[in-house]
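First the structure, in the form of structure tokens, and then the observations on it.
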Amino acid sequence: MSIVTPRSTAAEPPARSQAAARPEPPAAAPAAPPVPERFKAAFRGHPAGVVVITVPGPSGPAGFTATSLASLSLDPPLVSFGIATTASSWPHVRDGGTAVVHFLAEGHEELARRFATSGIDRFAEPTRYTRLPDGEPLLDGVTNWLLISLESLIPAGDHRLVIGRVTHAATSPAHRPLLYHDGTYHSITDVPDTGARFPVPGRQGDG
């Protein structure tokens, strides 16, 4: 005798469709700003020391404000900085052999702005400077500076990476560096006196 199991009359739940089981896609993320804008924004948050680099030239001196100065090597003593090939000072750097790196300090904000302004004679009044024995322009009132010989010009995008060998360094313990951060200049007021002092070589106009 066969036994037939009665079929349940209870309603079965409907099958869950594949579409219902699939999670909803996340909302589209807002478009990120272009890489150059994010690149610039990243560096606006990175404070950097401010220097003015001056170079001699047959038609007169040239110079510009920079925040790209870096120490490369101690032996031999090498530094680097970047300059755009569209900069007015580029031909002087390209064709020159030496330069002076001026480390700006508290109170030099106007000097930094002047050497960052296009279309002006940056060495006209109120800028005051003397010349080193080989003609390099040395800005008055700047106590920390390097005299460098220009050794290499390396293509780097729309700039050139300049490598220079330090041939002389002058420093002062009273130097309180000028910084550039987020589009404005700042100074540090709690730098300790290291006591380090180095002589300044003779220059035209010195007694």
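Chains: A, B, ... in order of the structure tokens. Residues: from 1 per chain. Ligands: from 1, in order shown.
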Next on the checklist: I need the residues in region 89-165 of chain A that are strand (DSSP E) according to DSSP; give them as a VMD selection string.
Outcome noted: chain A and resid 98 to 103 129 to 131 137 to 139 145 to 156 159 to 165
Checklist entry - What's the 8 Å shell around Gly82 (chain A), counting only C-alpha atoms, without same-chain residues fewer than 3 positions away, as a list in words? => result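 Returned residues: Ala66, Ser68, Leu69, His159, Arg160, Leu161 and Val162 of chain A.
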Checklist entry - CA of Ala42 (chain A) and CA of His186 (chain A) are how many Å apart? => result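 Separation between CA of Ala42 (chain A) and CA of His186 (chain A): 18.1 Å.
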Checklist entry - Skipping near chain neighbours, those fewer than 4 positions away, what residues fall within 8 Å of Val79 (chain A) using only C-alpha atoms, listed as a ChimeraX atom specification? => result /A:69-73,163-166
Checklist entry - Using only C-alpha atoms, which of the listed residues (A:Val35, A:Ala84, A:Leu146, A:Val93) sits closest to Gly57 (chain A)? => result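 Of A:Val35, A:Ala84, A:Leu146, A:Val93, the one nearest Gly57 (chain A), counting only C-alpha atoms, is A:Val93.
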Checklist entry - What lies within 12 Å of His181 (chain A) using only C-alpha atoms, ignoring chain neighbours under 4 positions off, as JSON, numbers by chain? => result {"A": [40, 41, 42, 43, 44, 45, 46, 47, 48, 49, 50, 67, 185, 186, 187]}
Could you list, as a compact mmCIF listing (two decimals) with N, CA, C and O atoms, in the first residue's frame, every residue within 12 Å of region 125-141 of chain A, counting only C-alpha atoms and ignoring same-chain residues fewer than 4 positions away?
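Resulting contents of part09.txt:
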# COMPACT_ATOMS: atom_id res chain seq x y z
N VAL A 51 63.79 82.55 -0.45
CA VAL A 51 65.08 83.09 -0.84
C VAL A 51 64.89 84.01 -2.04
O VAL A 51 63.91 83.91 -2.76
N VAL A 52 65.84 84.91 -2.22
CA VAL A 52 65.96 85.67 -3.46
C VAL A 52 67.28 85.26 -4.09
O VAL A 52 68.33 85.27 -3.43
N ILE A 53 67.23 84.87 -5.36
CA ILE A 53 68.41 84.45 -6.09
C ILE A 53 68.75 85.53 -7.10
O ILE A 53 67.89 85.93 -7.91
N THR A 54 69.97 86.03 -7.05
CA THR A 54 70.40 87.09 -7.97
C THR A 54 71.55 86.58 -8.84
O THR A 54 72.36 85.75 -8.41
N VAL A 55 71.59 87.07 -10.06
CA VAL A 55 72.63 86.67 -11.01
C VAL A 55 73.12 87.91 -11.75
O VAL A 55 72.34 88.83 -12.02
N PRO A 56 74.41 87.95 -12.08
CA PRO A 56 74.91 89.06 -12.89
C PRO A 56 74.55 88.85 -14.35
O PRO A 56 74.16 87.75 -14.76
N GLY A 57 74.68 89.89 -15.14
CA GLY A 57 74.41 89.78 -16.57
C GLY A 57 75.00 90.93 -17.34
O GLY A 57 75.24 92.01 -16.76
N PRO A 58 75.25 90.77 -18.61
CA PRO A 58 75.87 91.84 -19.40
C PRO A 58 75.02 93.09 -19.50
O PRO A 58 75.54 94.20 -19.65
N GLY A 60 72.91 94.00 -17.04
CA GLY A 60 72.50 94.34 -15.68
C GLY A 60 72.09 93.11 -14.91
O GLY A 60 71.87 92.03 -15.49
N PRO A 61 71.97 93.23 -13.59
CA PRO A 61 71.64 92.06 -12.77
C PRO A 61 70.19 91.64 -12.93
O PRO A 61 69.33 92.41 -13.37
N ALA A 62 69.92 90.40 -12.57
CA ALA A 62 68.56 89.86 -12.56
C ALA A 62 68.38 89.09 -11.26
O ALA A 62 69.36 88.68 -10.62
N GLY A 63 67.13 88.88 -10.88
CA GLY A 63 66.88 88.15 -9.65
C GLY A 63 65.42 87.79 -9.51
O GLY A 63 64.55 88.37 -10.18
N HIS A 92 69.41 84.83 -17.89
CA HIS A 92 70.58 85.17 -17.09
C HIS A 92 71.14 83.92 -16.40
O HIS A 92 72.36 83.73 -16.32
N GLY A 96 74.61 82.41 -17.41
CA GLY A 96 75.55 82.85 -16.38
C GLY A 96 76.34 81.71 -15.80
O GLY A 96 76.13 80.53 -16.11
N GLY A 97 77.25 82.07 -14.92
CA GLY A 97 78.09 81.05 -14.29
C GLY A 97 78.01 81.03 -12.79
O GLY A 97 78.42 80.07 -12.15
N THR A 98 77.47 82.12 -12.19
CA THR A 98 77.40 82.22 -10.74
C THR A 98 76.08 82.85 -10.32
O THR A 98 75.36 83.44 -11.13
N ALA A 99 75.76 82.72 -9.03
CA ALA A 99 74.54 83.32 -8.48
C ALA A 99 74.73 83.49 -6.97
O ALA A 99 75.60 82.85 -6.36
N VAL A 100 73.91 84.35 -6.40
CA VAL A 100 73.89 84.54 -4.95
C VAL A 100 72.51 84.15 -4.45
O VAL A 100 71.49 84.63 -4.97
N VAL A 101 72.48 83.27 -3.46
CA VAL A 101 71.23 82.86 -2.82
C VAL A 101 71.10 83.62 -1.51
O VAL A 101 71.93 83.45 -0.62
N HIS A 102 70.08 84.46 -1.41
CA HIS A 102 69.83 85.25 -0.20
C HIS A 102 68.72 84.60 0.61
O HIS A 102 67.59 84.47 0.13
N PHE A 103 69.01 84.21 1.85
CA PHE A 103 68.00 83.65 2.74
C PHE A 103 67.26 84.81 3.40
O PHE A 103 67.84 85.53 4.23
N LEU A 104 65.99 84.99 3.05
CA LEU A 104 65.25 86.12 3.60
C LEU A 104 64.82 85.85 5.03
O LEU A 104 64.62 84.70 5.44
N ALA A 105 64.69 86.93 5.78
CA ALA A 105 64.38 86.84 7.20
C ALA A 105 63.18 87.71 7.53
O ALA A 105 62.62 88.41 6.67
N GLU A 106 62.81 87.67 8.79
CA GLU A 106 61.75 88.53 9.30
C GLU A 106 62.04 89.98 8.90
O GLU A 106 63.16 90.46 9.04
N GLY A 107 61.05 90.66 8.34
CA GLY A 107 61.23 92.02 7.90
C GLY A 107 61.56 92.15 6.42
O GLY A 107 61.65 93.27 5.90
N HIS A 108 61.73 91.03 5.72
CA HIS A 108 62.07 91.06 4.29
C HIS A 108 60.87 90.77 3.39
O HIS A 108 61.06 90.46 2.21
N GLU A 110 58.64 92.71 1.99
CA GLU A 110 58.55 93.59 0.82
C GLU A 110 59.62 93.25 -0.22
O GLU A 110 59.38 93.33 -1.43
N LEU A 111 60.79 92.84 0.24
CA LEU A 111 61.84 92.42 -0.67
C LEU A 111 61.40 91.16 -1.43
O LEU A 111 61.61 91.05 -2.65
N ALA A 112 60.78 90.24 -0.73
CA ALA A 112 60.29 89.02 -1.38
C ALA A 112 59.23 89.36 -2.42
O ALA A 112 59.24 88.81 -3.53
N ARG A 113 58.33 90.26 -2.08
CA ARG A 113 57.27 90.63 -3.03
C ARG A 113 57.85 91.34 -4.26
O ARG A 113 57.40 91.12 -5.38
N ARG A 114 58.83 92.20 -4.04
CA ARG A 114 59.42 92.96 -5.14
C ARG A 114 60.07 92.02 -6.15
O ARG A 114 59.90 92.18 -7.36
N PHE A 115 60.80 91.03 -5.65
CA PHE A 115 61.49 90.12 -6.56
C PHE A 115 60.58 89.02 -7.10
O PHE A 115 61.02 88.19 -7.89
N ILE A 120 58.73 94.83 -13.60
CA ILE A 120 59.35 95.98 -12.94
C ILE A 120 60.86 95.78 -12.93
O ILE A 120 61.37 94.67 -13.15
N ASP A 121 61.59 96.88 -12.68
CA ASP A 121 63.03 96.79 -12.47
C ASP A 121 63.23 96.46 -10.99
O ASP A 121 63.11 97.33 -10.12
N TRP A 145 73.62 84.20 3.30
CA TRP A 145 73.61 84.03 1.85
C TRP A 145 74.69 83.06 1.41
O TRP A 145 75.63 82.76 2.16
N LEU A 146 74.51 82.55 0.20
CA LEU A 146 75.46 81.63 -0.41
C LEU A 146 75.91 82.18 -1.75
O LEU A 146 75.09 82.70 -2.52
N LEU A 147 77.18 82.05 -2.06
CA LEU A 147 77.69 82.30 -3.40
C LEU A 147 77.86 80.93 -4.04
O LEU A 147 78.50 80.04 -3.47
N ILE A 148 77.26 80.74 -5.22
CA ILE A 148 77.31 79.43 -5.86
C ILE A 148 77.77 79.55 -7.31
O ILE A 148 77.55 80.58 -7.97
N SER A 149 78.43 78.50 -7.78
CA SER A 149 78.73 78.38 -9.20
C SER A 149 77.69 77.45 -9.80
O SER A 149 77.37 76.40 -9.24
N HIS A 168 81.00 79.89 -1.18
CA HIS A 168 81.11 80.69 0.04
C HIS A 168 79.76 80.73 0.73
O HIS A 168 78.71 80.74 0.07
N ALA A 170 77.78 82.79 4.10
CA ALA A 170 77.79 83.78 5.18
C ALA A 170 76.54 83.60 6.01
O ALA A 170 75.44 83.45 5.46
N SER A 172 74.44 84.47 10.03
CA SER A 172 74.32 85.30 11.23
C SER A 172 73.44 84.58 12.23
O SER A 172 72.40 84.01 11.85
N HIS A 175 69.53 85.44 12.48
CA HIS A 175 68.62 85.19 11.36
C HIS A 175 67.33 84.51 11.83
O HIS A 175 67.37 83.46 12.47
N VAL A 200 82.40 87.35 6.05
CA VAL A 200 81.92 87.77 4.73
C VAL A 200 83.12 88.16 3.90
O VAL A 200 83.96 88.93 4.35
N PRO A 201 83.24 87.65 2.66
CA PRO A 201 84.38 88.02 1.84
C PRO A 201 84.29 89.47 1.40
O PRO A 201 83.22 90.09 1.47
N GLY A 202 85.42 90.05 0.97
CA GLY A 202 85.41 91.43 0.53
C GLY A 202 84.47 91.66 -0.64
O GLY A 202 84.28 90.78 -1.49
N ARG A 203 83.84 92.81 -0.68
CA ARG A 203 82.94 93.15 -1.76
C ARG A 203 83.12 94.63 -2.09
O ARG A 203 83.58 95.40 -1.25
N GLN A 204 82.75 95.01 -3.27
CA GLN A 204 82.90 96.39 -3.67
C GLN A 204 82.05 97.27 -2.78
O GLN A 204 80.88 97.00 -2.55
N GLY A 205 82.67 98.30 -2.25
CA GLY A 205 81.96 99.21 -1.37
C GLY A 205 82.27 98.97 0.09
O GLY A 205 81.96 99.79 0.94
N ASP A 206 82.86 97.79 0.43
CA ASP A 206 83.22 97.53 1.81
C ASP A 206 84.50 98.28 2.17
O ASP A 206 85.39 98.46 1.34
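As for CA of Leu74 (chain A) and CA of Asn144 (chain A), they are spaced 17.7 Å apart.
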